[in-house]
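Read through the structure below, which is laid out as structure tokens, and then see the notes.
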Amino acid sequence: MSNTSSDENLSELLRSDLNKGFRMLVEKYSSRLYWHIRRLVILHEDADDALQNTFINAWKSIGEFRNKSALYTWLYTIATNEALTLINKRKRNSAISIEDLGSYFENSHEGSSWFDGDKAQIMLQNAILKLPDKQKIVFNLKYFDEMTYEDMSKVLGTSEGALKASYHHAVKKIEKFLGES
Amino acid sequence: MRTIENIPGKNPFKVPDNYFEEVNHKIIASTAGSGPQIKKVVILRKISPYLLAAASVTGFLILSYVAARYFTADKPDSPSVDLYAVTFTEPFVNDIDIFTLEDNAAASELPDQLSGINRSEIIDYLMLENIEINDIYEIL
């Protein structure tokens, strides 16, 4: 990823002009973080809440951010935690189960207002929904965000070897599901 | 067999029109009135020498009290030793479990296709899959 040099400039700007730097940070990362969260929580309203919480938490702790990690991986870590918090809250309240979310895909149609996937993509999303949460994150970061294992290791605090194995295993599970469907 | 390479990698989700412009404004507006929590750190840093001094004095007083009680009281077998043993046993046992697990994994034979992968990484991976440590022990 070519985030390093532009993130260094952004970190400099955050030190010299915090408000301007933060505005640029939001403009640069809101869309990427939104899609990362959305793929995990599925519903737009949940992703919207989690995205706003991500940036509010980033703003609150930006004073403690001193280039200990890259801005990019730091923000992804906060966003992932926000998404997981929301998923766990949903599991506790059991208002919407995984099966319900799966049926949203089934009932959606191409060109609908919130999901525009064809039949193959509906099947892919249903297969991803069946993965354990952490494996789902690993798969999404690699497959959709094309994140390197090195960066993913910083985001998730797990060794690169474990992440490679987890992604490989996730692909096998998904392909098995696609084969059965 | 259908593979994920056959599926176009485009993003199938959609957002309302102008969503990103609006949410960016909302986020910036919600943080504009409040400063980040840098001041708390600065204040904490400023008073930390005083906190340190207060903690030292408190620690000294507690030690003095304990020492005075110890040297002035009769000395039957102290139950507090058992209390400490109970407090520290559990995490220590967990550490031993993980070390034992890694030792055993190192001694066991792995299939050829896993030969290039570090054994502690396999343990990391299995724990990432929410597999219980006892089950990992059984597997390896």
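Naming works like this for the structure tokens: A, B, ... for the chains as they're shown, residue 1 at the start of each chain, ligands 1 onward in shown order.
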
Q) Hey, what does DSSP flag as helix (DSSP H, G or I) within region 4-101 of chain A? Can you give it to me as an MDAnalysis selection string? A) chainID A and resid 4:16 18:41 44:60 71:93 98:101

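Of the listed residues B:Ile131, B:Leu63, B:Ala68, B:Ala55, the one whose atoms come nearest to chain A is B:Ile131, with distances taken using only C-alpha atoms.
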
Q) Between B:Ala29, B:Met127, B:Asn118, B:Glu21, which has the minimum distance to Glu160 (chain A) (counting only C-alpha atoms)? A)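 Answer, going by the shortest atom-to-atom distance: B:Asn118.
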
Q: Identify, on the basis of only C-alpha atoms, every residue whose closest approach to region 1-18 of chain B does not exceed 10 Å; exclude the query and any residue fewer than 3 positions from it along the same chain; express the result as a PyMOL selection string.
A: (chain A and resi 34-35+38-39+42-45+48+110-125+143-144+171-172+174-181) or (chain B and resi 21-23)

Save out the residues we just selected, N, CA, C and O atoms, as a compact mmCIF listing (two decimals), in the first residue's frame.
```
# COMPACT_ATOMS: atom_id res chain seq x y z
N TYR A 34 -15.58 3.15 6.05
CA TYR A 34 -17.01 2.82 5.97
C TYR A 34 -17.20 1.46 5.32
O TYR A 34 -17.93 0.62 5.83
N TRP A 35 -16.55 1.23 4.17
CA TRP A 35 -16.75 -0.04 3.45
C TRP A 35 -16.23 -1.22 4.26
O TRP A 35 -16.80 -2.30 4.24
N ARG A 38 -18.88 -1.68 6.88
CA ARG A 38 -20.14 -2.13 6.27
C ARG A 38 -20.10 -3.61 5.92
O ARG A 38 -21.09 -4.33 6.09
N ARG A 39 -18.94 -4.07 5.41
CA ARG A 39 -18.83 -5.48 5.05
C ARG A 39 -18.93 -6.38 6.28
O ARG A 39 -19.29 -7.54 6.18
N ILE A 42 -22.89 -5.19 7.82
CA ILE A 42 -23.87 -5.35 6.72
C ILE A 42 -24.87 -4.19 6.57
O ILE A 42 -25.05 -3.66 5.49
N LEU A 43 -25.49 -3.78 7.67
CA LEU A 43 -26.54 -2.76 7.53
C LEU A 43 -25.95 -1.35 7.50
O LEU A 43 -25.05 -1.03 8.28
N HIS A 44 -26.48 -0.50 6.63
CA HIS A 44 -25.94 0.85 6.47
C HIS A 44 -26.03 1.66 7.77
O HIS A 44 -25.07 2.35 8.14
N GLU A 45 -27.17 1.58 8.46
CA GLU A 45 -27.36 2.39 9.68
C GLU A 45 -26.30 2.02 10.73
O GLU A 45 -25.75 2.90 11.40
N ASP A 48 -22.91 3.33 9.61
CA ASP A 48 -22.88 4.78 9.79
C ASP A 48 -22.53 5.13 11.25
O ASP A 48 -21.65 5.95 11.51
N GLU A 110 -30.98 -7.15 -7.75
CA GLU A 110 -30.01 -6.29 -8.42
C GLU A 110 -30.61 -4.89 -8.60
O GLU A 110 -31.75 -4.75 -9.04
N GLY A 111 -29.85 -3.88 -8.22
CA GLY A 111 -30.35 -2.51 -8.39
C GLY A 111 -31.18 -2.03 -7.21
O GLY A 111 -31.76 -0.96 -7.26
N SER A 112 -31.23 -2.82 -6.10
CA SER A 112 -31.99 -2.34 -4.94
C SER A 112 -31.25 -1.17 -4.30
O SER A 112 -30.10 -0.90 -4.63
N SER A 113 -31.92 -0.51 -3.36
CA SER A 113 -31.35 0.75 -2.85
C SER A 113 -30.16 0.53 -1.93
O SER A 113 -29.42 1.45 -1.66
N TRP A 114 -29.93 -0.67 -1.43
CA TRP A 114 -28.82 -0.85 -0.49
C TRP A 114 -27.84 -1.94 -0.89
O TRP A 114 -26.75 -2.01 -0.40
N PHE A 115 -28.25 -2.81 -1.81
CA PHE A 115 -27.36 -3.90 -2.23
C PHE A 115 -27.52 -4.10 -3.72
O PHE A 115 -28.64 -4.28 -4.21
N ASP A 116 -26.40 -4.06 -4.43
CA ASP A 116 -26.47 -4.09 -5.88
C ASP A 116 -25.68 -5.27 -6.45
O ASP A 116 -25.04 -5.14 -7.48
N GLY A 117 -25.69 -6.40 -5.73
CA GLY A 117 -24.89 -7.53 -6.19
C GLY A 117 -25.70 -8.49 -7.05
O GLY A 117 -26.92 -8.55 -6.94
N ASP A 118 -25.01 -9.21 -7.93
CA ASP A 118 -25.71 -10.23 -8.71
C ASP A 118 -25.81 -11.51 -7.87
O ASP A 118 -25.42 -11.54 -6.70
N LYS A 119 -26.31 -12.59 -8.48
CA LYS A 119 -26.56 -13.82 -7.73
C LYS A 119 -25.26 -14.38 -7.11
O LYS A 119 -25.24 -14.83 -5.96
N ALA A 120 -24.17 -14.32 -7.88
CA ALA A 120 -22.89 -14.84 -7.39
C ALA A 120 -22.43 -14.04 -6.16
O ALA A 120 -21.90 -14.61 -5.19
N GLN A 121 -22.65 -12.73 -6.19
CA GLN A 121 -22.22 -11.91 -5.06
C GLN A 121 -23.10 -12.11 -3.83
O GLN A 121 -22.62 -12.03 -2.70
N ILE A 122 -24.38 -12.39 -4.05
CA ILE A 122 -25.26 -12.72 -2.93
C ILE A 122 -24.76 -14.00 -2.26
O ILE A 122 -24.66 -14.09 -1.04
N MET A 123 -24.38 -14.98 -3.09
CA MET A 123 -23.87 -16.24 -2.54
C MET A 123 -22.55 -16.01 -1.80
O MET A 123 -22.32 -16.57 -0.73
N LEU A 124 -21.68 -15.17 -2.38
CA LEU A 124 -20.40 -14.88 -1.72
C LEU A 124 -20.65 -14.21 -0.37
O LEU A 124 -20.04 -14.59 0.63
N GLN A 125 -21.55 -13.22 -0.32
CA GLN A 125 -21.82 -12.52 0.93
C GLN A 125 -22.43 -13.47 1.96
O GLN A 125 -22.11 -13.40 3.14
N TYR A 143 -9.23 -9.80 0.81
CA TYR A 143 -9.92 -9.96 -0.47
C TYR A 143 -10.44 -8.62 -1.01
O TYR A 143 -10.27 -8.32 -2.19
N PHE A 144 -11.08 -7.83 -0.16
CA PHE A 144 -11.67 -6.58 -0.64
C PHE A 144 -10.71 -5.39 -0.50
O PHE A 144 -10.60 -4.57 -1.40
N VAL A 171 -10.97 -19.07 2.56
CA VAL A 171 -11.24 -19.27 1.13
C VAL A 171 -11.77 -20.68 0.89
O VAL A 171 -12.74 -20.89 0.15
N LYS A 172 -11.16 -21.66 1.55
CA LYS A 172 -11.61 -23.05 1.40
C LYS A 172 -13.06 -23.20 1.85
O LYS A 172 -13.88 -23.84 1.18
N ILE A 174 -15.36 -20.87 2.06
CA ILE A 174 -16.26 -20.15 1.16
C ILE A 174 -16.48 -20.95 -0.12
O ILE A 174 -17.61 -21.09 -0.60
N GLU A 175 -15.40 -21.50 -0.66
CA GLU A 175 -15.53 -22.25 -1.91
C GLU A 175 -16.35 -23.53 -1.69
O GLU A 175 -17.10 -23.95 -2.57
N LYS A 176 -16.22 -24.11 -0.51
CA LYS A 176 -17.04 -25.31 -0.20
C LYS A 176 -18.51 -24.90 -0.18
O LYS A 176 -19.36 -25.59 -0.76
N PHE A 177 -18.79 -23.76 0.46
CA PHE A 177 -20.18 -23.28 0.54
C PHE A 177 -20.72 -22.98 -0.86
O PHE A 177 -21.85 -23.34 -1.19
N LEU A 178 -19.89 -22.32 -1.69
CA LEU A 178 -20.33 -21.99 -3.05
C LEU A 178 -20.58 -23.25 -3.87
O LEU A 178 -21.51 -23.31 -4.67
N GLY A 179 -19.75 -24.26 -3.62
CA GLY A 179 -19.91 -25.53 -4.34
C GLY A 179 -21.19 -26.24 -3.96
O GLY A 179 -21.82 -26.90 -4.79
N GLU A 180 -21.59 -26.08 -2.67
CA GLU A 180 -22.81 -26.76 -2.22
C GLU A 180 -24.08 -26.04 -2.65
O GLU A 180 -25.14 -26.63 -2.74
N SER A 181 -23.94 -24.70 -2.90
CA SER A 181 -25.15 -23.90 -3.19
C SER A 181 -25.63 -24.13 -4.62
O SER A 181 -24.86 -24.38 -5.52
N GLU B 21 -20.15 12.92 1.72
CA GLU B 21 -20.03 14.35 1.98
C GLU B 21 -20.73 14.69 3.29
O GLU B 21 -20.20 15.41 4.13
N GLU B 22 -21.94 14.13 3.45
CA GLU B 22 -22.73 14.47 4.64
C GLU B 22 -22.12 13.91 5.92
O GLU B 22 -22.05 14.60 6.94
N VAL B 23 -21.65 12.68 5.87
CA VAL B 23 -21.09 12.09 7.10
C VAL B 23 -19.77 12.78 7.46
O VAL B 23 -19.48 12.99 8.65
```

Q) Separation of CA of His36 (chain A) and CA of Lys130 (chain A), in Å? A)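 Separation between CA of His36 (chain A) and CA of Lys130 (chain A): 17.2 Å.
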
Q | Interatomic distance, CA of Arg92 (chain A) to CA of Ile37 (chain A) (Å, one decimal) | A | 19.1 Å

Q: Go through A:Ala127, A:Ala165, A:Ile137, A:Ala58 one by one, measure the shortest atom-to-atom distance of each to Leu84 (chain A) using only C-alpha atoms, and give the residue with the smallest value.
A: A:Ile137

Q: Name the closest residue to Asn57 (chain A) among the candidates A:Leu40, A:Arg32, A:Ile78, A:Gln135; distances are taken between atoms, counting only C-alpha atoms.
A: A:Ile78

Q: In Å, rounded to a single decimal, give me how far CA of Lys89 (chain A) is from CA of Thr73 (chain A).
A: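 Separation of CA of Thr73 (chain A) and CA of Lys89 (chain A): 24.1 Å.
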
(Q) Nearest residue to Leu156 (chain A) out of A:Asn126, A:Thr80, A:Gln52, A:Ser6, using only C-alpha atoms? (A)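 Of the candidates, the smallest distance to Leu156 (chain A) is held by A:Thr80.
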
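Taking only C-alpha atoms, the non-local environment of Gly33 (chain B) within 12 Å (same-chain residues fewer than 5 positions away omitted) comprises Asn19 and Trp59 of chain A; Ile27 and Ile28 of chain B.
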
Q. So, counting only C-alpha atoms, which residue among A:Ser11, A:Thr54, A:Asn88, A:Ser159 is closest to chain B?
A.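 Closest candidate: A:Ser159.
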